[in-house]
>>> print(open('target31.cif').read())   # mmCIF, C-alpha atoms
data_data
loop_
_atom_site.label_atom_id
_atom_site.label_comp_id
_atom_site.auth_asym_id
_atom_site.auth_seq_id
_atom_site.Cartn_x
_atom_site.Cartn_y
_atom_site.Cartn_z
CA MET A 1 67.67 162.31 13.70
CA THR A 2 66.59 159.96 16.46
CA LEU A 3 67.96 159.36 19.92
CA GLY A 4 69.19 155.94 18.82
CA SER A 5 71.24 157.40 15.99
CA VAL A 6 72.89 159.85 18.43
CA ALA A 7 73.60 157.20 21.07
CA ARG A 8 75.10 154.69 18.66
CA PRO A 9 76.98 155.47 15.44
CA ALA A 10 75.50 153.95 12.31
CA ASN A 11 78.57 151.83 11.60
CA ARG A 12 78.59 150.10 14.99
CA ARG A 13 77.15 146.61 15.25
CA PRO A 14 74.01 146.09 17.37
CA ILE A 15 74.61 145.15 21.01
CA GLY A 16 74.48 141.42 21.64
CA LEU A 17 75.43 140.31 18.13
CA PRO A 18 78.75 138.43 17.86
CA ARG A 19 81.56 139.92 15.79
CA TRP A 20 82.47 137.10 13.41
CA ARG A 21 85.92 137.57 12.01
CA PRO A 22 87.05 135.95 8.74
CA SER A 23 89.52 133.79 10.70
CA GLU A 24 86.70 132.42 12.85
CA ARG A 25 84.61 131.64 9.76
CA LEU A 26 87.55 129.81 8.21
CA PHE A 27 88.31 127.98 11.48
CA PHE A 28 84.79 126.62 11.96
CA GLY A 29 84.49 125.83 8.25
CA LEU A 30 87.66 123.73 8.41
CA ILE A 31 86.42 121.93 11.52
CA GLY A 32 83.24 120.90 9.70
CA PHE A 33 85.20 119.87 6.60
CA VAL A 34 87.70 117.74 8.55
CA ALA A 35 84.91 116.12 10.59
CA VAL A 36 83.02 115.06 7.46
CA LEU A 37 86.19 113.68 5.87
CA GLY A 38 87.04 111.74 9.03
CA LEU A 39 83.59 110.17 9.28
CA TRP A 40 83.62 109.39 5.57
CA GLU A 41 87.03 107.68 5.73
CA ALA A 42 86.06 105.75 8.86
CA ALA A 43 82.84 104.50 7.26
CA SER A 44 84.80 103.39 4.19
CA GLN A 45 87.53 101.60 6.18
CA LEU A 46 84.92 99.84 8.36
CA LYS A 47 83.15 98.77 5.15
CA LEU A 48 79.90 100.44 6.19
CA VAL A 49 79.62 101.70 2.62
CA LYS A 50 80.77 100.22 -0.68
CA LYS A 51 83.88 101.92 -2.06
CA VAL A 52 82.64 101.42 -5.61
CA VAL A 53 79.67 103.62 -4.70
CA LEU A 54 81.02 106.20 -2.25
CA SER A 55 84.81 105.75 -2.60
CA SER A 56 86.85 107.30 0.27
CA PRO A 57 88.92 110.45 0.85
CA SER A 58 92.18 108.46 0.69
CA LEU A 59 91.29 106.89 -2.68
CA ILE A 60 90.17 110.25 -4.05
CA TRP A 61 93.47 111.77 -2.94
CA GLU A 62 95.43 109.00 -4.68
CA ALA A 63 93.43 109.46 -7.90
CA ALA A 64 93.93 113.23 -7.73
CA LEU A 65 97.70 112.89 -7.31
CA LYS A 66 97.92 110.47 -10.26
CA ASP A 67 95.91 112.67 -12.63
CA ILE A 68 97.68 115.85 -11.53
CA SER A 69 101.17 114.36 -11.80
CA SER A 70 100.41 112.87 -15.21
CA GLY A 71 98.80 116.09 -16.40
CA VAL A 72 95.60 114.32 -17.48
CA ILE A 73 93.30 116.70 -15.62
CA PHE A 74 94.76 120.02 -16.81
CA PRO A 75 93.25 120.06 -20.35
CA HIS A 76 89.84 119.37 -18.81
CA ILE A 77 90.28 122.22 -16.32
CA PHE A 78 91.32 124.58 -19.11
CA VAL A 79 88.30 123.72 -21.28
CA SER A 80 85.82 124.05 -18.42
CA GLY A 81 87.44 127.27 -17.21
CA GLN A 82 87.20 128.76 -20.69
CA GLU A 83 83.50 127.91 -20.98
CA TYR A 84 82.85 129.20 -17.47
CA VAL A 85 84.62 132.55 -17.84
CA ILE A 86 83.17 133.39 -21.26
CA GLY A 87 79.62 132.27 -20.43
CA LEU A 88 79.50 133.99 -17.04
CA GLY A 89 81.15 137.13 -18.40
CA LEU A 90 78.56 137.44 -21.17
CA ALA A 91 75.74 136.77 -18.68
CA MET A 92 76.97 139.56 -16.41
CA ALA A 93 77.52 141.95 -19.33
CA ALA A 94 73.94 141.38 -20.50
CA GLY A 95 72.13 140.62 -17.25
CA VAL A 96 73.20 143.66 -15.20
CA PRO A 97 72.18 146.33 -17.77
CA LEU A 98 69.00 144.40 -18.58
CA GLY A 99 68.03 144.16 -14.92
CA LEU A 100 68.67 147.87 -14.40
CA ALA A 101 66.64 148.78 -17.49
CA ILE A 102 63.70 146.53 -16.58
CA GLY A 103 63.68 147.90 -13.04
CA LEU A 104 63.78 151.53 -14.22
CA PHE A 105 61.30 151.45 -17.09
CA ARG A 106 57.84 150.13 -16.27
CA ARG A 107 56.73 149.54 -19.87
CA LEU A 108 59.90 147.63 -20.68
CA ASN A 109 59.17 145.48 -17.63
CA TYR A 110 55.68 144.71 -18.99
CA LEU A 111 57.19 143.81 -22.35
CA VAL A 112 60.09 141.61 -21.20
CA ASP A 113 58.87 140.07 -17.94
CA PRO A 114 56.66 137.33 -19.53
CA TRP A 115 59.60 136.17 -21.65
CA LEU A 116 61.94 136.18 -18.67
CA SER A 117 59.47 134.20 -16.56
CA ALA A 118 58.89 131.65 -19.33
CA LEU A 119 62.58 131.12 -20.08
CA TYR A 120 63.54 131.04 -16.40
CA ALA A 121 60.97 128.29 -15.78
CA THR A 122 62.25 126.24 -18.74
CA PRO A 123 65.05 123.80 -17.82
CA THR A 124 68.18 124.55 -19.82
CA VAL A 125 68.54 120.84 -20.59
CA ALA A 126 65.33 121.05 -22.63
CA LEU A 127 66.92 123.74 -24.80
CA VAL A 128 70.18 121.86 -25.43
CA PRO A 129 68.95 120.04 -28.60
CA LEU A 130 67.91 123.36 -30.10
CA ILE A 131 71.22 124.95 -29.05
CA ILE A 132 73.14 122.12 -30.74
CA ILE A 133 71.13 122.56 -33.96
CA ILE A 134 71.88 126.31 -34.02
CA PHE A 135 75.45 126.44 -32.67
CA GLY A 136 76.78 122.92 -33.26
CA ILE A 137 78.74 121.01 -30.60
CA GLY A 138 81.73 123.31 -30.25
CA LEU A 139 82.67 125.92 -27.69
CA GLU A 140 79.85 128.25 -28.75
CA ALA A 141 77.11 125.80 -27.76
CA LYS A 142 78.60 125.23 -24.30
CA VAL A 143 79.04 128.96 -23.73
CA VAL A 144 75.38 129.49 -24.62
CA VAL A 145 74.32 126.86 -22.06
CA VAL A 146 76.41 128.52 -19.33
CA PHE A 147 75.04 131.92 -20.36
CA LEU A 148 71.42 130.76 -20.14
CA GLU A 149 71.98 129.08 -16.78
CA SER A 150 73.26 132.28 -15.14
CA ILE A 151 71.72 135.29 -16.88
CA PHE A 152 68.22 135.00 -15.49
CA VAL A 153 69.14 134.92 -11.81
CA ILE A 154 71.45 137.91 -12.37
CA THR A 155 68.76 139.88 -14.20
CA VAL A 156 66.01 139.21 -11.67
CA THR A 157 68.23 140.04 -8.69
CA VAL A 158 69.42 143.32 -10.23
CA MET A 159 65.84 144.25 -11.08
CA ALA A 160 64.88 143.70 -7.42
CA GLY A 161 67.76 145.96 -6.40
CA VAL A 162 66.39 148.83 -8.49
CA HIS A 163 63.04 148.48 -6.75
CA ALA A 164 64.78 148.40 -3.35
CA ALA A 165 65.89 152.04 -3.55
CA ASP A 166 64.26 153.87 -0.63
CA ALA A 167 61.45 156.23 -1.69
CA THR A 168 62.84 158.88 0.66
CA TYR A 169 65.95 159.27 -1.45
CA HIS A 170 63.88 159.58 -4.61
CA GLU A 171 61.83 162.30 -2.95
CA ILE A 172 64.97 164.16 -1.85
CA ALA A 173 66.41 163.95 -5.36
CA GLU A 174 63.16 165.22 -6.86
CA SER A 175 63.01 168.09 -4.38
CA PHE A 176 66.43 169.23 -5.62
CA ARG A 177 65.24 168.77 -9.23
CA ALA A 178 67.89 166.19 -9.95
CA SER A 179 68.05 164.92 -13.50
CA ALA A 180 67.21 161.32 -14.38
CA TRP A 181 70.92 160.53 -14.79
CA MET A 182 71.74 162.11 -11.41
CA ARG A 183 69.03 160.09 -9.67
CA PHE A 184 70.28 156.92 -11.33
CA ARG A 185 73.89 157.61 -10.32
CA THR A 186 73.25 158.75 -6.73
CA VAL A 187 70.14 156.78 -5.71
CA VAL A 188 69.39 153.78 -7.93
CA LEU A 189 72.93 152.53 -8.58
CA PRO A 190 74.13 152.64 -4.92
CA ALA A 191 70.95 150.87 -3.80
CA SER A 192 71.33 148.27 -6.55
CA MET A 193 75.03 147.54 -6.04
CA PRO A 194 74.60 144.95 -3.25
CA PHE A 195 71.95 143.21 -5.36
CA ILE A 196 74.22 143.29 -8.42
CA LEU A 197 76.95 141.56 -6.42
CA THR A 198 74.49 139.09 -4.89
CA GLY A 199 73.15 138.27 -8.34
CA THR A 200 76.71 137.79 -9.56
CA ARG A 201 77.45 135.43 -6.66
CA LEU A 202 74.33 133.41 -7.43
CA GLY A 203 75.17 133.47 -11.12
CA THR A 204 78.61 131.98 -10.46
CA GLY A 205 76.97 128.90 -8.96
CA ARG A 206 74.50 128.58 -11.81
CA ALA A 207 77.36 128.90 -14.31
CA VAL A 208 79.04 125.82 -12.78
CA VAL A 209 75.79 123.92 -13.34
CA GLY A 210 75.78 125.12 -16.93
CA VAL A 211 79.32 123.85 -17.49
CA VAL A 212 78.40 120.39 -16.23
CA VAL A 213 75.15 120.21 -18.23
CA ALA A 214 76.89 121.32 -21.44
CA GLU A 215 79.80 118.92 -21.06
CA PHE A 216 77.62 115.96 -20.17
CA LEU A 217 75.67 116.38 -23.39
CA THR A 218 77.89 118.01 -26.02
CA SER A 219 81.57 117.59 -25.20
CA ASN A 220 84.59 115.29 -25.43
CA SER A 221 86.63 117.28 -22.90
CA GLY A 222 86.12 119.29 -19.73
CA ILE A 223 85.51 118.40 -16.10
CA GLY A 224 81.90 117.40 -16.80
CA PHE A 225 83.10 115.02 -19.52
CA TYR A 226 85.82 113.74 -17.14
CA ILE A 227 83.16 112.95 -14.51
CA GLY A 228 80.85 111.25 -16.99
CA LEU A 229 83.61 109.18 -18.57
CA ASN A 230 84.97 107.91 -15.27
CA GLY A 231 81.47 107.23 -13.99
CA SER A 232 80.79 105.01 -16.99
CA ILE A 233 83.82 102.82 -16.15
CA LEU A 234 83.16 102.85 -12.37
CA GLN A 235 86.19 104.97 -11.46
CA THR A 236 84.34 106.46 -8.50
CA ALA A 237 87.38 108.16 -6.95
CA ARG A 238 87.95 110.17 -10.14
CA VAL A 239 84.26 111.03 -10.31
CA TYR A 240 84.47 112.54 -6.83
CA PHE A 241 87.71 114.30 -7.74
CA GLY A 242 85.95 116.00 -10.64
CA ILE A 243 83.04 116.96 -8.41
CA ILE A 244 85.46 118.41 -5.85
CA LEU A 245 87.15 120.46 -8.57
CA LEU A 246 83.81 121.95 -9.59
CA GLY A 247 82.97 122.67 -5.96
CA LEU A 248 86.31 124.39 -5.40
CA LEU A 249 85.77 126.52 -8.50
CA GLY A 250 82.36 127.66 -7.32
CA LEU A 251 83.63 128.20 -3.77
CA ALA A 252 86.62 130.29 -4.87
CA ILE A 253 84.59 132.54 -7.19
CA GLY A 254 81.79 132.84 -4.65
CA GLU A 255 84.18 133.87 -1.88
CA LEU A 256 85.83 136.44 -4.16
CA VAL A 257 82.46 137.99 -4.95
CA ARG A 258 81.52 137.88 -1.26
CA VAL A 259 84.62 139.92 -0.37
CA ILE A 260 83.77 142.49 -3.04
CA GLU A 261 80.17 142.49 -1.84
CA ARG A 262 81.18 143.37 1.72
CA ARG A 263 83.32 146.21 0.40
CA PHE A 264 80.55 147.76 -1.69
CA GLU A 265 77.92 147.26 1.03
CA ARG A 266 79.29 150.42 2.68
CA TRP A 267 78.34 152.38 -0.43
CA ARG A 268 74.65 151.66 -0.05
CA PRO A 269 72.74 154.63 1.40
CA ARG A 270 71.04 154.17 4.79
CA ILE A 271 68.66 156.17 6.88
CA ASN A 272 69.59 156.33 10.58
#
>>> encode(input="target31.cif", output="structure tokens")
Amino acid sequence: MTLGSVARPANRRPIGLPRWRPSERLFFGLIGFVAVLGLWEAASQLKLVKKVVLSSPSLIWEAALKDISSGVIFPHIFVSGQEYVIGLGLAMAAGVPLGLAIGLFRRLNYLVDPWLSALYATPTVALVPLIIIIFGIGLEAKVVVVFLESIFVITVTVMAGVHAADATYHEIAESFRASAWMRFRTVVLPASMPFILTGTRLGTGRAVVGVVVAEFLTSNSGIGFYIGLNGSILQTARVYFGIILLGLLGLAIGELVRVIERRFERWRPRIN
């Protein structure tokens, strides 16, 4: 125990660092959002940009109201949401155990790491023709694309979390002759949990990319198809509306994971 740990409890923030509350984060985020919208609308009204290229917030709002009131957008949202949830869920179910196993077992790491590195470096778009040949152009093919977009970042992040476990805790566990399962449960898993959640948050963003890639290439419905179709007929406002929907999806899921991440951060062991 050091003098610093006696003078200041471990759960207190360091002196001089601001205490950012969620309301402050939301307040400043809204200020930035409103400022960008205002500048964008002003540039459009002053004809500094072409509306056919950049549209405007007011036109996007009108297009959104029309497609929401008519119900046109809801089937696309349902299809994209289905692909997103299934693909990301399978990626998490496979990526988290795989990352833990690769991080724990050195020989498995030697065996799998070259394949992970090669597939991670390969753009998913390059694999789409092969995916179509194997799975067709239905839901399965799009789920596979979403799965491939997100699994690698989840696996690599979880693997890094296993390696982040402090050696001191391993030494303490060994001194008490803890079993391999006990060391995994009390040392490795708590140290890996923040990385698991971070990998999940990163994977949610990659899954959105997978949805768009899949629907651009192999779909007749979904938000990606909605964007591509309206882009081909120069309906720029609807293109931006689709992009905003994808952004809101990624933002909502990312914020949910961030809240869970802050909760589980307290579980991670620390040395004072």
>>> atom_distance(input="target31.cif", atom1="CA of Met193 in chain A", atom2="CA of Leu108 in chain A")
21.1 Å
>>> atom_distance(input="target31.cif", atom1="CA of Thr155 in chain A", atom2="CA of Arg262 in chain A")
20.5 Å
>>> closest_residue(input="target31.cif", among="A:Val158, A:Leu249, A:Val34, A:Ile86", to="Leu139 in chain A", atoms="all atoms listed in the file")
A:Ile86
>>> closest_residue(input="target31.cif", among="A:Thr200, A:Ala207, A:Glu140, A:Arg106", to="Val162 in chain A", atoms="only C-alpha atoms")
A:Arg106
>>> resolve_selection(input="target31.cif", expression="the PyMOL selection byres ((chain A and resi 194) around 12)", output="PyMOL selection string")
chain A and resi 154+157-162+164-165+188-193+195-201+257-269
>>> closest_atom_pairs(input="target31.cif", of="range 64-167 of chain A", to="range 208-220 of chain A", cutoff="8 Å", atoms="all atoms listed in the file", output="JSON lines")
{"residue": "A:Ser80", "atom": "CA", "partner": "A:Val211", "partner_atom": "CA", "distance": 6.6}
{"residue": "A:Glu83", "atom": "CA", "partner": "A:Val211", "partner_atom": "CA", "distance": 6.8}
{"residue": "A:Tyr84", "atom": "CA", "partner": "A:Val211", "partner_atom": "CA", "distance": 6.4}
{"residue": "A:Val125", "atom": "CA", "partner": "A:Val213", "partner_atom": "CA", "distance": 7.0}
{"residue": "A:Val128", "atom": "CA", "partner": "A:Ala214", "partner_atom": "CA", "distance": 7.8}
{"residue": "A:Ile132", "atom": "CA", "partner": "A:Thr218", "partner_atom": "CA", "distance": 7.9}
{"residue": "A:Ile137", "atom": "CA", "partner": "A:Thr218", "partner_atom": "CA", "distance": 5.5}
{"residue": "A:Gly138", "atom": "CA", "partner": "A:Ser219", "partner_atom": "CA", "distance": 7.6}
{"residue": "A:Ala141", "atom": "CA", "partner": "A:Ala214", "partner_atom": "CA", "distance": 7.7}
{"residue": "A:Lys142", "atom": "CA", "partner": "A:Ala214", "partner_atom": "CA", "distance": 5.1}
{"residue": "A:Val145", "atom": "CA", "partner": "A:Gly210", "partner_atom": "CA", "distance": 5.6}
{"residue": "A:Val146", "atom": "CA", "partner": "A:Gly210", "partner_atom": "CA", "distance": 4.2}
{"residue": "A:Phe147", "atom": "CA", "partner": "A:Gly210", "partner_atom": "CA", "distance": 7.7}
{"residue": "A:Leu148", "atom": "CA", "partner": "A:Gly210", "partner_atom": "CA", "distance": 7.8}
{"residue": "A:Glu149", "atom": "CA", "partner": "A:Gly210", "partner_atom": "CA", "distance": 5.5}
{"residue": "A:Ser150", "atom": "CA", "partner": "A:Gly210", "partner_atom": "CA", "distance": 7.8}
>>> atom_distance(input="target31.cif", atom1="CA of Ser69 in chain A", atom2="CA of Ile243 in chain A")
18.6 Å
>>> residues_around(input="target31.cif", residues="Gly222 in chain A", least_positions_apart="5", cutoff="8 Å", atoms="only C-alpha atoms", output="PyMOL selection string")
chain A and resi 75-80+215
>>> closest_atom_pairs(input="target31.cif", of="range 57-145 of chain A", to="range 234-238 of chain A", cutoff="12 Å", atoms="only C-alpha atoms", output="tab-separated table")
residue	atom	partner	partner_atom	distance
A:Pro57	CA	A:Ala237	CA	8.3
A:Ser58	CA	A:Ala237	CA	9.0
A:Leu59	CA	A:Ala237	CA	5.9
A:Ile60	CA	A:Ala237	CA	4.5
A:Trp61	CA	A:Ala237	CA	8.1
A:Glu62	CA	A:Ala237	CA	8.4
A:Ala63	CA	A:Arg238	CA	6.0
A:Ala64	CA	A:Arg238	CA	7.1
A:Leu65	CA	A:Arg238	CA	10.5
A:Lys66	CA	A:Arg238	CA	10.0
A:Asp67	CA	A:Arg238	CA	8.7
A:Ile68	CA	A:Arg238	CA	11.4
A:Val72	CA	A:Arg238	CA	11.4
A:Ile73	CA	A:Arg238	CA	10.1
>>> closest_residue(input="target31.cif", among="A:Asn230, A:Thr204, A:Asn109, A:Ser221", to="Phe74 in chain A", atoms="only C-alpha atoms")
A:Ser221
>>> resolve_selection(input="target31.cif", expression="the PyMOL selection byres ((chain A and resi 120) around 10)", output="PyMOL selection string")
chain A and resi 114-119+121-124+148-153+156
